[in-house]
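Trainee: I'd like to ask some things about the structure below.
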Amino acid sequence: MSAPFDLPVIVLCGGLGTRLRPAVSDRPKALAPVGGGRAFLEVQLEALRSRGARHIVLCVGHMADQVEAALGDGSALGLRIDYVRDGETLLGTGGALKRAERFVAPAAAGANGDTYPNLDLDRLAAAHAASGAAATLTLARVPDAGRFGRVEFADGRVTHFREKEPGAGGGWVNAGVYVVGRELLARVPPAEVVSLERDVFPAALRDGLPLAAFPQEEVFHDIGTPDALRAFAARRGPTHAA
């Protein structure tokens, strides 16, 4: 097990999970079953703990009570878990992260609630600290970048975000794990619906704030669609298959 990781990890798991609803309709996406009676979020948090995370902040919204009932204070997983709730209006990934701003001092790691964190958190944090960037984005190479949108980079800096282009082939994508600083969050308006991927990161880049790229060759896993959920369960092997 890795040494304790200094930064809190803010996991954004409050969305409606619309694309996954045909497979999972009675629970939030983060609690999608991945075999053996286990929820994806539990597997995700165990992976973060194995990489040194000790303090988790769960940004919850849709069916939040189910998430809190399933994970509690985190002690069963060897973690400390704090919760930040969206109000009646879900604020998107950027708005949810803004609600957790008090935990970003001066920086925090972030993770999308449908992404399996297959990386070294300490290396990510060190790369961010050395970069002087407003945020550092983990990038993964995938055979079909069209479902995610491409991220272009050069000399360790993100240079361009491209919209989703079905059939565009392989490329680098945002892997859903990052480090953000208070400078970036200060730009996010409170209590407004904002997307990190579509609004906050591209706007920062247009305004000249540096965004660092942290490319990783490890396999990228997410559960954002029914097919992706089934593929993740299958990769975990027959004893864990859903």
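All residue names refer to the structure tokens as shown: chains lettered A, B, ... in order, residues numbered from 1 in each chain, ligands numbered from 1 in order.
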So which residues touch A:Gly181 within 9 Å, counting only C-alpha atoms, skipping near sequence neighbours fewer than 5 positions away, as a PyMOL selection string?
Mentor: chain A and resi 104-109+133-135+186
Trainee: Name the residues of stretch 133-219 of chain A that fall into strand (DSSP E) according to DSSP on the backbone, using the chain letters and numbers of this document, as number ranges by chain.
Mentor: A: 135-142, 151-154, 157-161, 171-181, 211-216
Trainee: List the neighbours of stretch 208-224 of chain A out to 7 Å using only C-alpha atoms; skip same-chain residues closer than 6 positions along the sequence, and give me the result as a PyMOL selection string.
Mentor: chain A and resi 19-20+114-116+118+131+133-141+153+156-158+175+232
Trainee: With distances taken over only C-alpha atoms, which of A:Val200, A:Leu185, A:Val57, A:Leu7 is nearest to A:Asp73?
Mentor: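 The answer is A:Val57, which sits nearest to A:Asp73.
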Trainee: Write out as a PyMOL selection string which residues come within 12 Å of A:Glu88 when counting only C-alpha atoms, dropping same-chain ones fewer than 3 positions away.
Mentor: chain A and resi 14+60-64+85+91+191-193
Trainee: In Å to one decimal, how far is atom CA of A:Pro28 from atom CA of A:Leu16?
Mentor: 7.0 Å
Trainee: Name the residues of stretch 33-130 of chain A that come out as helix (DSSP H, G or I) in a backbone DSSP run; write them as number ranges by chain.
Mentor: A: 40-50, 64-71, 75-77, 92-99, 101-103, 121-130
